[in-house]
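In what follows, a single structure is set out as structure tokens and then discussed.
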Amino acid sequence: MDLALLRTFVTVHRAGSFTRAAALLGLSQPAVTSQIRTLERQLGRPLFLRRARGVTPTAIGDELAHRAAPHLDALVEITETGLDEESAVRTLHLAGPPEFTSLRALPALIPLVSQGLALRSSFLANTEETFEGLAAGHHDLAIATARPRGGLLTATPLCDEEHVLVAAPRWAARLGPGTLRRKGPVVLEQLPVVEVHESLPFVSRYWAAVFDSRPAAAGTVITPDLRAVLECTAAGAGLAVLPRYLCAGALERGEVVALLDPPVPPLRTYFLAARTGTLALPHIARAHEWLVRAAADW
């Protein structure tokens, strides 16, 4: 049986779509369709059921994928290991949210640079866009705040991020100690809001988790980078909800103040995602392992 046909089949099985598989393989969609039909004729069985959106494997298709995929991944590993020996440097393409990638992920990978790893990063705040780029082969690893669906991508929980409601000391003094706990979020309606988007994603998530309500105020300062949100908040622009790792230093220095210490702080989980099968490649596997190990201290 032609290995090229099996490779195309496994890619379609993982992608769930001829179109997505074609992009991953660098082929046209008609070429992918033709290869799958050839394989189906050789086997005398249908491998996929065509749906309005993508394809669903038949029982025979699932069985073949289960049998063939590990061997194809092993062949890729052998090939890539050979390339590793011929070249002193392998490049890892990492995508993720700008702040977390800058302050957490990239510094954690720097020790691998001395071991022959080159790094390239893309800053993407949109999870769907991140997964699309990973599926299309633009990235080797991606950090996101959601778990990908389907079999094309795999994900490992990386760490939990605690969110903190903060403001400059003068705003905290204006509220008075204990006022927020006694009276609830209504007392915060007087404070301007600093956020990354007009939809107030961080503030809305915090309000829902802690106050079981929605924020009444609109954004006063909107900037797409959480580091800028922190700087504006410290300068007195208003309240903000920030990851603790990002504002821990400012809290210690007294530049911002935590307005509330809820019994159960809101958390957001980060996932480290890769295309299925690519963790067989040594340089991607090393980076993945390094990040997971580093995240234990985050």
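Please note that chains go A, B, ... in the order of the structure tokens, that every chain numbers its residues from 1, and that ligands are numbered from 1 in the order shown.
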Practice problem: Might you pull out every residue within 12 Å of A:Arg174, with only C-alpha atoms counted and same-chain residues fewer than 4 positions away left off, and present them as a PyMOL selection string? | Solution: chain A and resi 167-170+178-180+187-188+190-191+238+259
Quiz item: Got a sec: who's within 12 Å of A:Thr38, counting only C-alpha atoms, leaving out chain neighbours fewer than 2 positions off, as number ranges by chain?
Solution: A: 1-2, 4-6, 8-9, 31-36, 40-47
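Distances from A:Gly26, A:Gly137, A:Pro70, A:Gly236 to A:Val194 were compared using only C-alpha atoms, and the smallest one belongs to A:Gly236.
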Quiz item: Please, which residues of stretch 64-280 of chain A, numbered as in this document, come out alpha helix (DSSP H) from DSSP, as a VMD selection string?
Solution: chain A and resid 64 to 86 98 to 100 106 to 113 127 to 135 169 to 175 179 to 183 201 to 206 226 to 234 244 to 253
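Restricting the calculation to only C-alpha atoms, the smallest distance between A:Ser204 and any of A:Pro98, A:Pro148, A:Pro266, A:Gly254 is found for A:Pro266.
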Practice problem: Write out as a list in words which residues come within 12 Å of A:Ala296 when counting only C-alpha atoms, dropping same-chain ones fewer than 4 positions away. | Solution: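 Listing them by chain and then by number gives Arg104, Ala108, Pro157, Leu158, Cys159, Asp160, Glu289, Trp290, Leu291 and Val292 of chain A.
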Could the residues in this selection be saved with N, CA and C atoms as a PDB file, in the first residue's frame?
ATOM      1  N   ARG A 104       6.385  34.295  30.630  1.00  0.00           N
ATOM      2  CA  ARG A 104       6.475  32.943  31.158  1.00  0.00           C
ATOM      3  C   ARG A 104       7.154  31.984  30.169  1.00  0.00           C
ATOM      4  N   ALA A 108      11.285  30.555  29.818  1.00  0.00           N
ATOM      5  CA  ALA A 108      11.461  29.170  30.241  1.00  0.00           C
ATOM      6  C   ALA A 108      12.191  28.338  29.191  1.00  0.00           C
ATOM      7  N   PRO A 157      -2.826  20.352  29.990  1.00  0.00           N
ATOM      8  CA  PRO A 157      -2.987  21.479  30.929  1.00  0.00           C
ATOM      9  C   PRO A 157      -1.617  21.955  31.392  1.00  0.00           C
ATOM     10  N   LEU A 158      -1.425  23.262  31.357  1.00  0.00           N
ATOM     11  CA  LEU A 158      -0.115  23.828  31.670  1.00  0.00           C
ATOM     12  C   LEU A 158      -0.085  24.410  33.082  1.00  0.00           C
ATOM     13  N   CYS A 159      -0.994  25.327  33.373  1.00  0.00           N
ATOM     14  CA  CYS A 159      -1.051  25.931  34.701  1.00  0.00           C
ATOM     15  C   CYS A 159      -2.360  26.701  34.842  1.00  0.00           C
ATOM     16  N   ASP A 160      -2.689  27.041  36.076  1.00  0.00           N
ATOM     17  CA  ASP A 160      -3.851  27.876  36.371  1.00  0.00           C
ATOM     18  C   ASP A 160      -3.385  29.289  36.696  1.00  0.00           C
ATOM     19  N   GLU A 289       8.163  19.283  26.842  1.00  0.00           N
ATOM     20  CA  GLU A 289       8.520  18.770  28.163  1.00  0.00           C
ATOM     21  C   GLU A 289       9.077  19.879  29.057  1.00  0.00           C
ATOM     22  N   TRP A 290       9.890  20.755  28.475  1.00  0.00           N
ATOM     23  CA  TRP A 290      10.507  21.841  29.238  1.00  0.00           C
ATOM     24  C   TRP A 290       9.448  22.805  29.768  1.00  0.00           C
ATOM     25  N   LEU A 291       8.472  23.144  28.930  1.00  0.00           N
ATOM     26  CA  LEU A 291       7.422  24.063  29.340  1.00  0.00           C
ATOM     27  C   LEU A 291       6.533  23.453  30.425  1.00  0.00           C
ATOM     28  N   VAL A 292       6.177  22.181  30.264  1.00  0.00           N
ATOM     29  CA  VAL A 292       5.338  21.514  31.260  1.00  0.00           C
ATOM     30  C   VAL A 292       6.066  21.456  32.600  1.00  0.00           C
TER      31      VAL A 292
END
Which residues are close to A:Ser28, i.e. within 10 Å by only C-alpha atoms, leaving aside same-chain residues fewer than 6 positions away? Reply as a PDB file with all heavy atoms, in the first residue's frame.
ATOM      1  N   PHE A  18     -11.294  17.521   4.458  1.00  0.00           N
ATOM      2  CA  PHE A  18     -10.395  17.452   3.309  1.00  0.00           C
ATOM      3  C   PHE A  18      -9.682  18.783   3.114  1.00  0.00           C
ATOM      4  O   PHE A  18      -8.496  18.824   2.781  1.00  0.00           O
ATOM      5  CB  PHE A  18     -11.187  17.098   2.041  1.00  0.00           C
ATOM      6  CG  PHE A  18     -11.599  15.658   1.957  1.00  0.00           C
ATOM      7  CD1 PHE A  18     -12.397  15.216   0.918  1.00  0.00           C
ATOM      8  CD2 PHE A  18     -11.197  14.732   2.910  1.00  0.00           C
ATOM      9  CE1 PHE A  18     -12.780  13.885   0.831  1.00  0.00           C
ATOM     10  CE2 PHE A  18     -11.568  13.402   2.834  1.00  0.00           C
ATOM     11  CZ  PHE A  18     -12.366  12.975   1.783  1.00  0.00           C
ATOM     12  N   THR A  19     -10.403  19.877   3.326  1.00  0.00           N
ATOM     13  CA  THR A  19      -9.823  21.203   3.116  1.00  0.00           C
ATOM     14  C   THR A  19      -8.687  21.465   4.093  1.00  0.00           C
ATOM     15  O   THR A  19      -7.604  21.925   3.714  1.00  0.00           O
ATOM     16  CB  THR A  19     -10.904  22.283   3.284  1.00  0.00           C
ATOM     17  OG1 THR A  19     -11.961  22.039   2.351  1.00  0.00           O
ATOM     18  CG2 THR A  19     -10.328  23.667   3.036  1.00  0.00           C
ATOM     19  N   ALA A  21      -6.972  19.222   5.780  1.00  0.00           N
ATOM     20  CA  ALA A  21      -5.887  18.279   5.510  1.00  0.00           C
ATOM     21  C   ALA A  21      -5.051  18.730   4.311  1.00  0.00           C
ATOM     22  O   ALA A  21      -3.828  18.609   4.314  1.00  0.00           O
ATOM     23  CB  ALA A  21      -6.455  16.887   5.261  1.00  0.00           C
ATOM     24  N   ALA A  22      -5.708  19.254   3.290  1.00  0.00           N
ATOM     25  CA  ALA A  22      -4.989  19.727   2.113  1.00  0.00           C
ATOM     26  C   ALA A  22      -4.013  20.842   2.483  1.00  0.00           C
ATOM     27  O   ALA A  22      -2.871  20.869   2.006  1.00  0.00           O
ATOM     28  CB  ALA A  22      -5.988  20.221   1.057  1.00  0.00           C
ATOM     29  N   SER A  34      -8.932  12.780  -4.292  1.00  0.00           N
ATOM     30  CA  SER A  34      -8.564  11.702  -5.221  1.00  0.00           C
ATOM     31  C   SER A  34      -7.770  10.612  -4.500  1.00  0.00           C
ATOM     32  O   SER A  34      -8.005   9.410  -4.723  1.00  0.00           O
ATOM     33  CB  SER A  34      -7.740  12.278  -6.372  1.00  0.00           C
ATOM     34  OG  SER A  34      -7.268  11.246  -7.218  1.00  0.00           O
TER      35      SER A  34
END
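Counting from atom CA of A:Leu272, the distance to atom CA of A:Leu119 is 16.2 Å.
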Exercise. Please give the complete set of residues from stretch 52-264 of chain A that DSSP, run on the backbone, assigns to strand (DSSP E), formatted as an MDAnalysis selection string.
Key: chainID A and resid 55:57 90:96 117:123 141:144 153:167 193:195 219:222 240:243 257:258
Excluding A:Thr154 and its own-chain neighbours fewer than 2 positions away, which residues fall within 9 Å of it when counting only C-alpha atoms? Please give them as a PDB file with N, CA, C and O atoms, in the first residue's frame.
ATOM      1  N   ARG A 147      -9.234  24.232  25.575  1.00  0.00           N
ATOM      2  CA  ARG A 147      -8.762  22.951  25.056  1.00  0.00           C
ATOM      3  C   ARG A 147      -9.288  22.779  23.633  1.00  0.00           C
ATOM      4  O   ARG A 147     -10.483  22.968  23.386  1.00  0.00           O
ATOM      5  N   PRO A 148      -8.437  22.438  22.668  1.00  0.00           N
ATOM      6  CA  PRO A 148      -8.908  22.272  21.292  1.00  0.00           C
ATOM      7  C   PRO A 148      -9.829  21.066  21.161  1.00  0.00           C
ATOM      8  O   PRO A 148      -9.714  20.088  21.906  1.00  0.00           O
ATOM      9  N   ARG A 149     -10.744  21.139  20.195  1.00  0.00           N
ATOM     10  CA  ARG A 149     -11.653  20.039  19.933  1.00  0.00           C
ATOM     11  C   ARG A 149     -11.160  19.219  18.758  1.00  0.00           C
ATOM     12  O   ARG A 149     -10.397  19.680  17.929  1.00  0.00           O
ATOM     13  N   GLY A 150     -11.652  17.976  18.696  1.00  0.00           N
ATOM     14  CA  GLY A 150     -11.304  17.119  17.575  1.00  0.00           C
ATOM     15  C   GLY A 150      -9.987  16.394  17.796  1.00  0.00           C
ATOM     16  O   GLY A 150      -9.305  16.568  18.818  1.00  0.00           O
ATOM     17  N   GLY A 151      -9.596  15.606  16.818  1.00  0.00           N
ATOM     18  CA  GLY A 151      -8.402  14.794  16.948  1.00  0.00           C
ATOM     19  C   GLY A 151      -7.167  15.371  16.304  1.00  0.00           C
ATOM     20  O   GLY A 151      -6.085  14.799  16.422  1.00  0.00           O
ATOM     21  N   LEU A 152      -7.289  16.504  15.616  1.00  0.00           N
ATOM     22  CA  LEU A 152      -6.133  17.068  14.917  1.00  0.00           C
ATOM     23  C   LEU A 152      -5.115  17.640  15.889  1.00  0.00           C
ATOM     24  O   LEU A 152      -3.907  17.570  15.657  1.00  0.00           O
ATOM     25  N   THR A 156      -2.230  19.682  26.611  1.00  0.00           N
ATOM     26  CA  THR A 156      -1.836  19.332  27.972  1.00  0.00           C
ATOM     27  C   THR A 156      -2.098  20.524  28.874  1.00  0.00           C
ATOM     28  O   THR A 156      -1.667  21.632  28.546  1.00  0.00           O
ATOM     29  N   LEU A 272      -1.220  23.725  26.699  1.00  0.00           N
ATOM     30  CA  LEU A 272      -0.149  23.684  25.716  1.00  0.00           C
ATOM     31  C   LEU A 272      -0.569  22.703  24.629  1.00  0.00           C
ATOM     32  O   LEU A 272      -0.722  21.507  24.890  1.00  0.00           O
ATOM     33  N   ALA A 273      -0.777  23.204  23.420  1.00  0.00           N
ATOM     34  CA  ALA A 273      -1.334  22.390  22.335  1.00  0.00           C
ATOM     35  C   ALA A 273      -0.298  22.133  21.245  1.00  0.00           C
ATOM     36  O   ALA A 273       0.611  22.934  21.009  1.00  0.00           O
ATOM     37  N   ALA A 274      -0.458  20.981  20.597  1.00  0.00           N
ATOM     38  CA  ALA A 274       0.400  20.595  19.472  1.00  0.00           C
ATOM     39  C   ALA A 274      -0.452  19.822  18.479  1.00  0.00           C
ATOM     40  O   ALA A 274      -1.517  19.318  18.812  1.00  0.00           O
ATOM     41  N   ARG A 275       0.008  19.733  17.239  1.00  0.00           N
ATOM     42  CA  ARG A 275      -0.667  18.871  16.272  1.00  0.00           C
ATOM     43  C   ARG A 275      -0.404  17.416  16.652  1.00  0.00           C
ATOM     44  O   ARG A 275       0.705  17.055  17.045  1.00  0.00           O
ATOM     45  N   THR A 276      -1.430  16.605  16.538  1.00  0.00           N
ATOM     46  CA  THR A 276      -1.300  15.191  16.876  1.00  0.00           C
ATOM     47  C   THR A 276      -0.182  14.552  16.063  1.00  0.00           C
ATOM     48  O   THR A 276      -0.125  14.705  14.840  1.00  0.00           O
ATOM     49  N   GLY A 277       0.706  13.870  16.752  1.00  0.00           N
ATOM     50  CA  GLY A 277       1.817  13.198  16.089  1.00  0.00           C
ATOM     51  C   GLY A 277       3.114  13.972  16.086  1.00  0.00           C
ATOM     52  O   GLY A 277       4.193  13.383  15.969  1.00  0.00           O
TER      53      GLY A 277
END
Give me the residues within 9 Å of stretch 140-142 of chain A as a compact mmCIF listing (two decimals) with N, CA, C and O atoms, in the first residue's frame, counting only C-alpha atoms and dropping any in the same chain fewer than 3 places off.
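Contents of result-v1.txt, freshly written:
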# COMPACT_ATOMS: atom_id res chain seq x y z
N LEU A 92 11.88 26.18 16.62
CA LEU A 92 10.57 25.95 17.22
C LEU A 92 9.73 27.21 17.05
O LEU A 92 10.15 28.30 17.43
N HIS A 93 8.54 27.04 16.49
CA HIS A 93 7.60 28.15 16.32
C HIS A 93 6.53 28.04 17.40
O HIS A 93 5.76 27.08 17.44
N LEU A 94 6.50 29.03 18.28
CA LEU A 94 5.59 29.04 19.43
C LEU A 94 4.60 30.18 19.29
O LEU A 94 4.98 31.31 18.98
N ALA A 95 3.33 29.90 19.56
CA ALA A 95 2.29 30.94 19.53
C ALA A 95 1.58 30.97 20.87
O ALA A 95 1.47 29.96 21.55
N GLY A 96 1.10 32.16 21.23
CA GLY A 96 0.36 32.27 22.48
C GLY A 96 0.02 33.71 22.81
O GLY A 96 0.40 34.63 22.07
N THR A 130 -5.40 31.05 17.06
CA THR A 130 -4.22 30.29 17.48
C THR A 130 -4.32 28.84 17.03
O THR A 130 -3.37 28.28 16.47
N PHE A 131 -5.47 28.21 17.25
CA PHE A 131 -5.64 26.81 16.87
C PHE A 131 -5.64 26.64 15.35
O PHE A 131 -5.14 25.65 14.82
N GLY A 133 -3.94 28.45 13.22
CA GLY A 133 -2.55 28.54 12.81
C GLY A 133 -1.76 27.29 13.15
O GLY A 133 -0.92 26.83 12.37
N LEU A 134 -2.05 26.72 14.31
CA LEU A 134 -1.38 25.48 14.71
C LEU A 134 -1.78 24.34 13.78
O LEU A 134 -0.92 23.56 13.32
N GLY A 137 -0.10 24.37 10.46
CA GLY A 137 1.33 24.16 10.44
C GLY A 137 2.15 25.42 10.58
O GLY A 137 3.38 25.38 10.42
N PHE A 271 -3.48 25.91 28.37
CA PHE A 271 -3.19 24.61 27.78
C PHE A 271 -2.05 24.77 26.78
O PHE A 271 -1.93 25.80 26.10
N LEU A 272 -1.22 23.73 26.70
CA LEU A 272 -0.15 23.68 25.72
C LEU A 272 -0.57 22.70 24.63
O LEU A 272 -0.72 21.51 24.89
N ALA A 273 -0.78 23.20 23.42
CA ALA A 273 -1.33 22.39 22.33
C ALA A 273 -0.30 22.13 21.24
O ALA A 273 0.61 22.93 21.01
N ALA A 274 -0.46 20.98 20.60
CA ALA A 274 0.40 20.60 19.47
C ALA A 274 -0.45 19.82 18.48
O ALA A 274 -1.52 19.32 18.81
N ARG A 275 0.01 19.73 17.24
CA ARG A 275 -0.67 18.87 16.27
C ARG A 275 -0.40 17.42 16.65
O ARG A 275 0.70 17.06 17.04
N THR A 278 3.06 15.31 16.25
CA THR A 278 4.29 16.10 16.14
C THR A 278 5.15 16.03 17.39
O THR A 278 6.33 16.42 17.35
N ILE A 284 10.42 19.46 19.17
CA ILE A 284 9.11 19.86 19.71
C ILE A 284 8.86 19.15 21.03
O ILE A 284 8.35 19.75 21.99
N ALA A 287 10.86 20.89 23.83
CA ALA A 287 10.26 22.17 24.23
C ALA A 287 8.98 21.94 25.02
O ALA A 287 8.72 22.62 26.02
N HIS A 288 8.17 20.99 24.58
CA HIS A 288 6.92 20.67 25.27
C HIS A 288 7.22 20.21 26.70
O HIS A 288 6.62 20.70 27.67
Quiz prompt | Distance query A:Thr56 at most 8 Å, only C-alpha atoms, self and fewer than 4 positions along chain excluded, as JSON, numbers by chain | solution = {"A": [13, 16, 48, 49, 50, 51]}
Practice problem: Grab the atom CA of A:Leu239 to atom CA of A:Ser199 distance for me, in Å with one decimal place. | Solution: 15.3 Å
